[in-house]
>>> print(open('input_27.cif').read())   # mmCIF, C-alpha atoms, pLDDT in the B column; chains and numbers go by the auth columns
data_start
loop_
_atom_site.group_PDB
_atom_site.id
_atom_site.type_symbol
_atom_site.label_atom_id
_atom_site.label_comp_id
_atom_site.label_asym_id
_atom_site.label_seq_id
_atom_site.Cartn_x
_atom_site.Cartn_y
_atom_site.Cartn_z
_atom_site.B_iso_or_equiv
_atom_site.auth_seq_id
_atom_site.auth_asym_id
ATOM 1 C CA MET A 1 289.116 -111.807 -20.587 44.00 1 A
ATOM 2 C CA ALA A 2 288.338 -110.432 -24.061 53.00 2 A
ATOM 3 C CA ARG A 3 290.478 -111.969 -26.771 57.00 3 A
ATOM 4 C CA TYR A 4 291.060 -110.706 -30.305 54.00 4 A
ATOM 5 C CA THR A 5 289.787 -113.294 -32.790 54.00 5 A
ATOM 6 C CA GLY A 6 290.052 -111.368 -36.049 55.00 6 A
ATOM 7 C CA SER A 7 292.778 -111.423 -38.692 61.00 7 A
ATOM 8 C CA VAL A 8 296.157 -110.715 -37.094 60.00 8 A
ATOM 9 C CA CYS A 9 297.480 -109.523 -40.448 55.00 9 A
ATOM 10 C CA ARG A 10 295.140 -106.531 -40.128 59.00 10 A
ATOM 11 C CA GLN A 11 296.989 -105.602 -36.944 60.00 11 A
ATOM 12 C CA CYS A 12 300.303 -105.393 -38.793 58.00 12 A
ATOM 13 C CA ARG A 13 298.720 -103.220 -41.465 57.00 13 A
ATOM 14 C CA ARG A 14 297.079 -101.000 -38.843 59.00 14 A
ATOM 15 C CA GLU A 15 300.399 -100.395 -37.079 55.00 15 A
ATOM 16 C CA ASN A 16 302.173 -99.878 -40.418 60.00 16 A
ATOM 17 C CA MET A 17 304.893 -102.432 -39.690 61.00 17 A
ATOM 18 C CA LYS A 18 305.403 -106.180 -39.707 59.00 18 A
ATOM 19 C CA LEU A 19 304.755 -107.460 -36.181 62.00 19 A
ATOM 20 C CA PHE A 20 305.630 -111.117 -36.972 59.00 20 A
ATOM 21 C CA LEU A 21 302.405 -112.450 -35.455 59.00 21 A
ATOM 22 C CA LYS A 22 302.037 -115.496 -37.735 56.00 22 A
ATOM 23 C CA GLY A 23 305.448 -117.105 -37.496 57.00 23 A
ATOM 24 C CA ASP A 24 306.878 -118.478 -40.744 54.00 24 A
ATOM 25 C CA ARG A 25 304.072 -116.991 -42.840 57.00 25 A
ATOM 26 C CA CYS A 26 305.497 -113.523 -42.100 53.00 26 A
ATOM 27 C CA PHE A 27 308.708 -114.532 -43.919 52.00 27 A
ATOM 28 C CA SER A 28 306.871 -115.843 -46.994 57.00 28 A
ATOM 29 C CA ASP A 29 305.343 -114.119 -50.018 60.00 29 A
ATOM 30 C CA LYS A 30 301.907 -114.772 -48.457 57.00 30 A
ATOM 31 C CA CYS A 31 302.459 -111.991 -45.910 59.00 31 A
ATOM 32 C CA SER A 32 299.514 -109.573 -46.155 55.00 32 A
ATOM 33 C CA TYR A 33 301.605 -106.612 -45.034 51.00 33 A
ATOM 34 C CA ASP A 34 304.061 -107.128 -47.899 50.00 34 A
ATOM 35 C CA ARG A 35 301.182 -107.289 -50.369 55.00 35 A
ATOM 36 C CA ARG A 36 299.096 -104.457 -48.897 59.00 36 A
ATOM 37 C CA GLY A 37 301.315 -102.259 -46.766 56.00 37 A
ATOM 38 C CA TYR A 38 298.661 -99.732 -45.791 55.00 38 A
ATOM 39 C CA PRO A 39 296.054 -99.607 -42.983 61.00 39 A
ATOM 40 C CA PRO A 40 292.911 -101.753 -43.455 59.00 40 A
ATOM 41 C CA GLY A 41 289.503 -100.290 -44.139 56.00 41 A
ATOM 42 C CA GLN A 42 287.861 -98.014 -46.674 50.00 42 A
ATOM 43 C CA HIS A 43 290.131 -95.042 -45.965 49.00 43 A
ATOM 44 C CA GLY A 44 293.316 -97.010 -45.324 53.00 44 A
ATOM 45 C CA GLN A 45 295.264 -95.503 -48.216 59.00 45 A
ATOM 46 C CA ARG A 46 294.578 -91.909 -47.208 61.00 46 A
ATOM 47 C CA ARG A 47 297.377 -89.975 -45.572 60.00 47 A
ATOM 48 C CA SER A 48 296.483 -88.504 -42.208 66.00 48 A
ATOM 49 C CA LYS A 49 298.428 -86.296 -39.834 72.00 49 A
ATOM 50 C CA GLN A 50 298.821 -87.733 -36.338 77.00 50 A
ATOM 51 C CA SER A 51 298.689 -85.723 -33.119 88.00 51 A
ATOM 52 C CA ASP A 52 301.158 -86.346 -30.295 89.00 52 A
ATOM 53 C CA TYR A 53 298.466 -88.297 -28.466 91.00 53 A
ATOM 54 C CA GLY A 54 297.758 -90.326 -31.599 86.00 54 A
ATOM 55 C CA MET A 55 301.437 -91.275 -31.913 89.00 55 A
ATOM 56 C CA GLN A 56 301.590 -92.301 -28.244 93.00 56 A
ATOM 57 C CA LEU A 57 298.409 -94.354 -28.532 92.00 57 A
ATOM 58 C CA ARG A 58 299.592 -96.144 -31.674 89.00 58 A
ATOM 59 C CA GLU A 59 302.911 -97.008 -30.017 92.00 59 A
ATOM 60 C CA LYS A 60 301.130 -98.497 -27.030 94.00 60 A
ATOM 61 C CA GLN A 61 298.768 -100.465 -29.263 91.00 61 A
ATOM 62 C CA LYS A 62 301.682 -101.706 -31.360 89.00 62 A
ATOM 63 C CA VAL A 63 303.592 -103.086 -28.351 93.00 63 A
ATOM 64 C CA ARG A 64 300.420 -104.568 -26.858 92.00 64 A
ATOM 65 C CA ARG A 65 299.719 -106.373 -30.117 89.00 65 A
ATOM 66 C CA ILE A 66 303.294 -107.606 -30.516 89.00 66 A
ATOM 67 C CA TYR A 67 303.116 -109.367 -27.144 92.00 67 A
ATOM 68 C CA GLY A 68 299.453 -110.338 -27.554 89.00 68 A
ATOM 69 C CA ILE A 69 298.104 -109.073 -24.248 92.00 69 A
ATOM 70 C CA SER A 70 294.946 -107.229 -23.250 92.00 70 A
ATOM 71 C CA GLU A 71 294.711 -103.577 -22.275 93.00 71 A
ATOM 72 C CA LYS A 72 294.201 -104.540 -18.623 95.00 72 A
ATOM 73 C CA GLN A 73 297.270 -106.807 -18.614 95.00 73 A
ATOM 74 C CA PHE A 74 299.345 -104.112 -20.289 96.00 74 A
ATOM 75 C CA ARG A 75 298.331 -101.461 -17.780 95.00 75 A
ATOM 76 C CA ILE A 76 299.122 -103.770 -14.847 96.00 76 A
ATOM 77 C CA THR A 77 302.536 -104.536 -16.361 96.00 77 A
ATOM 78 C CA PHE A 78 303.229 -100.824 -16.841 97.00 78 A
ATOM 79 C CA LYS A 79 302.360 -100.041 -13.220 96.00 79 A
ATOM 80 C CA ARG A 80 304.692 -102.799 -12.097 96.00 80 A
ATOM 81 C CA ALA A 81 307.478 -101.451 -14.333 96.00 81 A
ATOM 82 C CA ASP A 82 306.966 -97.982 -12.875 95.00 82 A
ATOM 83 C CA ARG A 83 307.532 -99.314 -9.349 95.00 83 A
ATOM 84 C CA ILE A 84 310.804 -101.043 -10.236 94.00 84 A
ATOM 85 C CA LYS A 85 314.027 -99.086 -9.831 94.00 85 A
ATOM 86 C CA GLY A 86 315.408 -97.932 -13.173 93.00 86 A
ATOM 87 C CA ILE A 87 314.017 -96.573 -16.439 94.00 87 A
ATOM 88 C CA THR A 88 310.296 -97.284 -16.645 96.00 88 A
ATOM 89 C CA GLY A 89 310.230 -97.869 -20.414 95.00 89 A
ATOM 90 C CA THR A 90 313.113 -100.342 -20.289 95.00 90 A
ATOM 91 C CA ASN A 91 311.582 -102.083 -17.269 96.00 91 A
ATOM 92 C CA LEU A 92 308.315 -102.441 -19.191 96.00 92 A
ATOM 93 C CA LEU A 93 309.975 -104.125 -22.176 96.00 93 A
ATOM 94 C CA SER A 94 312.000 -106.385 -19.874 96.00 94 A
ATOM 95 C CA LEU A 95 308.842 -107.557 -18.081 97.00 95 A
ATOM 96 C CA LEU A 96 307.131 -108.240 -21.412 96.00 96 A
ATOM 97 C CA GLU A 97 310.153 -110.152 -22.712 96.00 97 A
ATOM 98 C CA THR A 98 310.315 -112.395 -19.643 97.00 98 A
ATOM 99 C CA ARG A 99 306.706 -113.553 -19.886 97.00 99 A
ATOM 100 C CA MET A 100 306.551 -117.336 -20.234 97.00 100 A
ATOM 101 C CA ASP A 101 304.792 -117.261 -23.624 96.00 101 A
ATOM 102 C CA ASN A 102 307.347 -114.845 -25.070 95.00 102 A
ATOM 103 C CA THR A 103 310.303 -116.742 -23.590 97.00 103 A
ATOM 104 C CA VAL A 104 309.388 -120.075 -25.209 96.00 104 A
ATOM 105 C CA PHE A 105 309.015 -118.159 -28.492 94.00 105 A
ATOM 106 C CA ARG A 106 312.418 -116.528 -28.072 94.00 106 A
ATOM 107 C CA LEU A 107 313.976 -119.907 -27.271 95.00 107 A
ATOM 108 C CA GLY A 108 312.639 -121.261 -30.548 93.00 108 A
ATOM 109 C CA PHE A 109 310.218 -123.879 -29.208 95.00 109 A
ATOM 110 C CA VAL A 110 307.346 -122.180 -31.091 94.00 110 A
ATOM 111 C CA ASN A 111 307.177 -119.934 -34.132 89.00 111 A
ATOM 112 C CA SER A 112 304.980 -117.162 -32.696 88.00 112 A
ATOM 113 C CA ARG A 113 303.977 -115.719 -29.342 90.00 113 A
ATOM 114 C CA ASN A 114 300.386 -116.760 -29.959 90.00 114 A
ATOM 115 C CA GLN A 115 301.499 -120.357 -30.464 92.00 115 A
ATOM 116 C CA GLY A 116 303.643 -120.043 -27.349 93.00 116 A
ATOM 117 C CA ARG A 117 300.608 -118.952 -25.333 94.00 117 A
ATOM 118 C CA HIS A 118 298.651 -121.939 -26.655 94.00 118 A
ATOM 119 C CA PHE A 119 301.391 -124.473 -25.869 96.00 119 A
ATOM 120 C CA VAL A 120 302.057 -123.058 -22.393 97.00 120 A
ATOM 121 C CA ARG A 121 298.358 -123.304 -21.520 96.00 121 A
ATOM 122 C CA HIS A 122 298.315 -126.924 -22.663 95.00 122 A
ATOM 123 C CA ASN A 123 301.068 -127.983 -20.228 95.00 123 A
ATOM 124 C CA HIS A 124 303.878 -128.590 -22.717 96.00 124 A
ATOM 125 C CA PHE A 125 306.579 -126.917 -20.577 97.00 125 A
ATOM 126 C CA THR A 126 308.076 -127.061 -17.107 97.00 126 A
ATOM 127 C CA VAL A 127 310.139 -124.448 -15.250 97.00 127 A
ATOM 128 C CA ASN A 128 312.774 -125.869 -12.905 97.00 128 A
ATOM 129 C CA GLY A 129 310.993 -129.228 -13.101 95.00 129 A
ATOM 130 C CA LYS A 130 307.564 -127.863 -12.165 96.00 130 A
ATOM 131 C CA LYS A 131 304.592 -127.588 -14.516 95.00 131 A
ATOM 132 C CA VAL A 132 303.788 -124.006 -15.549 96.00 132 A
ATOM 133 C CA ASN A 133 300.692 -123.319 -17.642 96.00 133 A
ATOM 134 C CA ILE A 134 300.313 -119.578 -17.104 96.00 134 A
ATOM 135 C CA PRO A 135 301.420 -117.524 -20.157 96.00 135 A
ATOM 136 C CA SER A 136 302.057 -114.406 -18.045 95.00 136 A
ATOM 137 C CA TYR A 137 304.379 -116.261 -15.627 97.00 137 A
ATOM 138 C CA GLN A 138 307.569 -114.225 -15.190 97.00 138 A
ATOM 139 C CA VAL A 139 310.764 -116.221 -15.662 97.00 139 A
ATOM 140 C CA LYS A 140 313.907 -115.242 -13.761 96.00 140 A
ATOM 141 C CA LYS A 141 317.637 -115.506 -14.265 96.00 141 A
ATOM 142 C CA GLY A 142 318.715 -119.092 -13.623 96.00 142 A
ATOM 143 C CA ASP A 143 315.368 -120.670 -14.511 97.00 143 A
ATOM 144 C CA VAL A 144 315.447 -123.770 -16.734 97.00 144 A
ATOM 145 C CA ILE A 145 312.572 -124.254 -19.172 97.00 145 A
ATOM 146 C CA GLU A 146 312.144 -127.797 -20.446 97.00 146 A
ATOM 147 C CA LEU A 147 309.835 -129.332 -23.008 96.00 147 A
ATOM 148 C CA ARG A 148 307.955 -132.212 -21.424 94.00 148 A
ATOM 149 C CA GLU A 149 308.756 -135.725 -22.627 93.00 149 A
ATOM 150 C CA LYS A 150 305.346 -136.328 -24.188 91.00 150 A
ATOM 151 C CA SER A 151 305.581 -133.091 -26.195 93.00 151 A
ATOM 152 C CA ARG A 152 308.913 -133.735 -27.901 92.00 152 A
ATOM 153 C CA LYS A 153 307.341 -135.397 -30.923 90.00 153 A
ATOM 154 C CA VAL A 154 304.948 -132.526 -31.679 92.00 154 A
ATOM 155 C CA GLN A 155 305.635 -131.594 -35.302 92.00 155 A
ATOM 156 C CA ALA A 156 305.061 -127.859 -34.833 90.00 156 A
ATOM 157 C CA ILE A 157 307.732 -127.733 -32.115 92.00 157 A
ATOM 158 C CA SER A 158 310.209 -129.769 -34.189 90.00 158 A
ATOM 159 C CA ASP A 159 309.703 -127.452 -37.182 89.00 159 A
ATOM 160 C CA SER A 160 310.203 -124.374 -35.014 90.00 160 A
ATOM 161 C CA LEU A 161 313.426 -125.721 -33.453 91.00 161 A
ATOM 162 C CA ASP A 162 314.765 -126.420 -36.944 87.00 162 A
ATOM 163 C CA ALA A 163 314.248 -122.736 -37.805 84.00 163 A
ATOM 164 C CA ILE A 164 316.343 -121.420 -34.876 84.00 164 A
ATOM 165 C CA VAL A 165 319.332 -120.761 -37.141 77.00 165 A
ATOM 166 C CA ARG A 166 317.320 -118.296 -39.195 79.00 166 A
ATOM 167 C CA ARG A 167 315.630 -116.541 -36.290 80.00 167 A
ATOM 168 C CA GLY A 168 318.416 -116.654 -33.695 85.00 168 A
ATOM 169 C CA VAL A 169 318.269 -116.719 -29.889 91.00 169 A
ATOM 170 C CA PRO A 170 318.872 -113.543 -27.825 92.00 170 A
ATOM 171 C CA SER A 171 321.944 -113.309 -25.614 93.00 171 A
ATOM 172 C CA TRP A 172 319.943 -113.587 -22.364 95.00 172 A
ATOM 173 C CA LEU A 173 318.842 -117.109 -23.293 96.00 173 A
ATOM 174 C CA GLU A 174 320.532 -120.430 -24.073 96.00 174 A
ATOM 175 C CA ILE A 175 318.933 -123.394 -25.831 95.00 175 A
ATOM 176 C CA ASN A 176 320.033 -127.021 -26.035 94.00 176 A
ATOM 177 C CA LYS A 177 318.066 -128.625 -28.846 91.00 177 A
ATOM 178 C CA ASP A 178 319.304 -132.127 -27.985 92.00 178 A
ATOM 179 C CA THR A 179 317.889 -132.065 -24.442 94.00 179 A
ATOM 180 C CA PHE A 180 314.950 -129.756 -25.246 95.00 180 A
ATOM 181 C CA LYS A 181 316.038 -127.394 -22.490 96.00 181 A
ATOM 182 C CA GLY A 182 316.443 -123.639 -22.398 96.00 182 A
ATOM 183 C CA GLN A 183 317.972 -121.518 -19.647 97.00 183 A
ATOM 184 C CA ILE A 184 317.583 -117.879 -18.638 97.00 184 A
ATOM 185 C CA VAL A 185 321.206 -116.752 -18.337 97.00 185 A
ATOM 186 C CA GLY A 186 320.609 -113.030 -17.894 94.00 186 A
ATOM 187 C CA ILE A 187 318.116 -110.190 -17.859 92.00 187 A
ATOM 188 C CA PRO A 188 316.996 -108.844 -21.267 93.00 188 A
ATOM 189 C CA THR A 189 318.530 -105.451 -22.007 91.00 189 A
ATOM 190 C CA ARG A 190 317.203 -102.759 -24.300 91.00 190 A
ATOM 191 C CA GLU A 191 319.646 -103.888 -27.001 90.00 191 A
ATOM 192 C CA ASP A 192 318.108 -107.386 -27.021 88.00 192 A
ATOM 193 C CA ILE A 193 314.777 -105.990 -28.254 87.00 193 A
ATOM 194 C CA THR A 194 315.353 -105.327 -31.927 84.00 194 A
ATOM 195 C CA LEU A 195 311.843 -104.305 -32.967 82.00 195 A
ATOM 196 C CA PRO A 196 311.488 -100.543 -33.592 84.00 196 A
ATOM 197 C CA ILE A 197 309.727 -99.640 -30.348 89.00 197 A
ATOM 198 C CA GLN A 198 309.696 -96.126 -28.863 92.00 198 A
ATOM 199 C CA GLU A 199 308.839 -96.981 -25.284 95.00 199 A
ATOM 200 C CA GLN A 200 309.169 -93.363 -24.160 95.00 200 A
ATOM 201 C CA LEU A 201 305.951 -92.566 -26.033 95.00 201 A
ATOM 202 C CA ILE A 202 304.143 -95.183 -23.924 95.00 202 A
ATOM 203 C CA VAL A 203 305.549 -93.675 -20.723 96.00 203 A
ATOM 204 C CA GLU A 204 304.347 -90.236 -21.841 95.00 204 A
ATOM 205 C CA LEU A 205 300.881 -91.646 -22.626 94.00 205 A
ATOM 206 C CA TYR A 206 300.423 -93.190 -19.171 92.00 206 A
ATOM 207 C CA SER A 207 301.924 -90.147 -17.436 89.00 207 A
ATOM 208 C CA LYS A 208 299.018 -87.901 -18.442 75.00 208 A
#
>>> encode(input="input_27.cif", output="structure tokens")
Amino acid sequence: MARYTGSVCRQCRRENMKLFLKGDRCFSDKCSYDRRGYPPGQHGQRRSKQSDYGMQLREKQKVRRIYGISEKQFRITFKRADRIKGITGTNLLSLLETRMDNTVFRLGFVNSRNQGRHFVRHNHFTVNGKKVNIPSYQVKKGDVIELREKSRKVQAISDSLDAIVRRGVPSWLEINKDTFKGQIVGIPTREDITLPIQEQLIVELYSK
């Protein structure tokens, strides 16, 4: 699977918003978007009028970059959301939120989704006592995610757990820092996703 290996700060600038792809760096004065809040490239500072299709495409790219998944993965997730009963756009965001890599990020074990993907792949977490090393694994209500014993002294995880107070944990999750356990206590609702996402534009794009 193709993986983006360039500067993630360019992605924030391209989407004209802070996507929080680099964890704590995004909250510091080193953030590239804060210093250069315009699209990258030679013509980045020019103003251009977007078509309806352009707006829909940019919204899809923005959400895909936030969750760090490929075009193929995103399309598969959208098709799955379309088959589920309910509002397709809300279903899509719910499926993205309940990915394993995003869930460990939301619980505060890691400081970015990219780091979450890395730690999940390297067997740092279990779900209901069983090893899970697939970032796209879908967690369900009632699942318990636990940091493995050998991983509890990893400095990056300790630093991230210390920053939970600043970042907060969504209402559909619970975290116990003392036991290194998190639980899925509900299904993420639209209100739990605070980033400015217009999912209807994505639905319109894929409906053509």
>>> closest_atom_pairs(input="input_27.cif", of="range 73-106 of chain A", to="range 143-158 of chain A", cutoff="10 Å", atoms="all atoms listed in the file", output="Markdown table")
| residue | atom | partner | partner_atom | distance |
| --- | --- | --- | --- | --- |
| A:Met100 | CA | A:Ile145 | CA | 9.2 |
| A:Thr103 | CA | A:Ile145 | CA | 9.0 |
| A:Val104 | CA | A:Ile145 | CA | 8.0 |
>>> atom_distance(input="input_27.cif", atom1="CA of Leu195 in chain A", atom2="CA of Leu93 in chain A")
11.0 Å
>>> atom_distance(input="input_27.cif", atom1="CA of Phe78 in chain A", atom2="CA of His124 in chain A")
28.4 Å
>>> closest_residue(input="input_27.cif", among="A:Ala163, A:Leu92, A:Ala81, A:Ile175", to="Ile197 in chain A", atoms="only C-alpha atoms")
A:Leu92
>>> atom_distance(input="input_27.cif", atom1="CA of Asp178 in chain A", atom2="CA of Val165 in chain A")
14.6 Å
>>> closest_residue(input="input_27.cif", among="A:Gly129, A:Gly89, A:Gly168, A:Gly142", to="Arg190 in chain A", atoms="all atoms listed in the file")
A:Gly89
>>> closest_atom_pairs(input="input_27.cif", of="range 79-198 of chain A", to="range 48-68 of chain A", cutoff="9 Å", atoms="only C-alpha atoms", output="CSV")
residue,atom,partner,partner_atom,distance
A:Leu93,CA,A:Val63,CA,8.9
A:Leu96,CA,A:Tyr67,CA,7.1
A:Glu97,CA,A:Tyr67,CA,8.4
A:Asp101,CA,A:Tyr67,CA,8.8
A:Asn102,CA,A:Tyr67,CA,7.2
A:Arg113,CA,A:Tyr67,CA,6.8
A:Asn114,CA,A:Gly68,CA,6.9
A:Arg117,CA,A:Gly68,CA,9.0
A:Ile197,CA,A:Glu59,CA,7.3
A:Gln198,CA,A:Glu59,CA,6.9
>>> closest_residue(input="input_27.cif", among="A:Leu95, A:Val132, A:Ile87, A:Ile193", to="Phe74 in chain A", atoms="all atoms listed in the file")
A:Leu95
>>> resolve_selection(input="input_27.cif", expression="the PyMOL selection byres ((chain A and resi 108-110) around 6)", output="ChimeraX atom specification")
/A:104-107,111-112,116,157,160-161,164
>>> resolve_selection(input="input_27.cif", expression="the PyMOL selection byres ((chain A and resi 207) around 12)", output="compact mmCIF listing (two decimals) with C-alpha atoms, in the coordinates of the input")
# COMPACT_ATOMS: atom_id res chain seq x y z
CA TYR A 53 298.47 -88.30 -28.47
CA GLN A 56 301.59 -92.30 -28.24
CA ARG A 75 298.33 -101.46 -17.78
CA PHE A 78 303.23 -100.82 -16.84
CA LYS A 79 302.36 -100.04 -13.22
CA ASP A 82 306.97 -97.98 -12.88
CA THR A 88 310.30 -97.28 -16.64
CA GLY A 89 310.23 -97.87 -20.41
CA GLN A 200 309.17 -93.36 -24.16
CA LEU A 201 305.95 -92.57 -26.03
CA ILE A 202 304.14 -95.18 -23.92
CA VAL A 203 305.55 -93.68 -20.72
CA GLU A 204 304.35 -90.24 -21.84
CA LEU A 205 300.88 -91.65 -22.63
CA TYR A 206 300.42 -93.19 -19.17
CA LYS A 208 299.02 -87.90 -18.44
>>> closest_residue(input="input_27.cif", among="A:Arg121, A:Thr98, A:Lys131, A:Glu199", to="Leu173 in chain A", atoms="all atoms listed in the file")
A:Thr98
>>> resolve_selection(input="input_27.cif", expression="the PyMOL selection byres ((chain A and resi 185-187) around 7)", output="ChimeraX atom specification")
/A:141-142,172-174,183-184,188-189
>>> decode(input="input_27.cif", residues="range 107-121 of chain A", atoms="N, CA and C atoms", output="CSV table (one decimal), in the first residue's frame")
chain,number,residue,atom,x,y,z
A,107,LEU,N,-7.8,8.0,23.3
A,107,LEU,CA,-7.7,7.6,24.7
A,107,LEU,C,-6.5,8.3,25.4
A,108,GLY,N,-5.6,8.8,24.6
A,108,GLY,CA,-4.5,9.5,25.1
A,108,GLY,C,-3.2,8.7,25.3
A,109,PHE,N,-3.2,7.4,24.8
A,109,PHE,CA,-2.0,6.6,24.9
A,109,PHE,C,-0.9,7.1,23.9
A,110,VAL,N,-1.3,7.8,22.9
A,110,VAL,CA,-0.3,8.4,21.9
A,110,VAL,C,-0.7,9.8,21.6
A,111,ASN,N,0.3,10.6,21.0
A,111,ASN,CA,-0.1,12.0,20.8
A,111,ASN,C,-0.4,12.3,19.4
A,112,SER,N,-0.5,11.3,18.5
A,112,SER,CA,-1.0,11.5,17.1
A,112,SER,C,-1.5,10.2,16.6
A,113,ARG,N,-2.4,10.3,15.5
A,113,ARG,CA,-2.9,9.1,14.9
A,113,ARG,C,-1.8,8.3,14.2
A,114,ASN,N,-0.8,9.0,13.7
A,114,ASN,CA,0.3,8.3,13.0
A,114,ASN,C,1.1,7.5,14.1
A,115,GLN,N,1.3,8.1,15.2
A,115,GLN,CA,2.0,7.4,16.3
A,115,GLN,C,1.2,6.2,16.8
A,116,GLY,N,-0.1,6.4,16.8
A,116,GLY,CA,-1.0,5.3,17.2
A,116,GLY,C,-0.9,4.1,16.2
A,117,ARG,N,-0.9,4.4,14.9
A,117,ARG,CA,-0.7,3.4,13.9
A,117,ARG,C,0.6,2.6,14.1
A,118,HIS,N,1.7,3.3,14.4
A,118,HIS,CA,3.0,2.7,14.6
A,118,HIS,C,2.9,1.8,15.9
A,119,PHE,N,2.4,2.3,17.0
A,119,PHE,CA,2.4,1.5,18.2
A,119,PHE,C,1.4,0.3,18.1
A,120,VAL,N,0.3,0.4,17.4
A,120,VAL,CA,-0.6,-0.7,17.2
A,120,VAL,C,0.1,-1.8,16.4
A,121,ARG,N,0.8,-1.4,15.4
A,121,ARG,CA,1.5,-2.4,14.5
A,121,ARG,C,2.6,-3.1,15.3
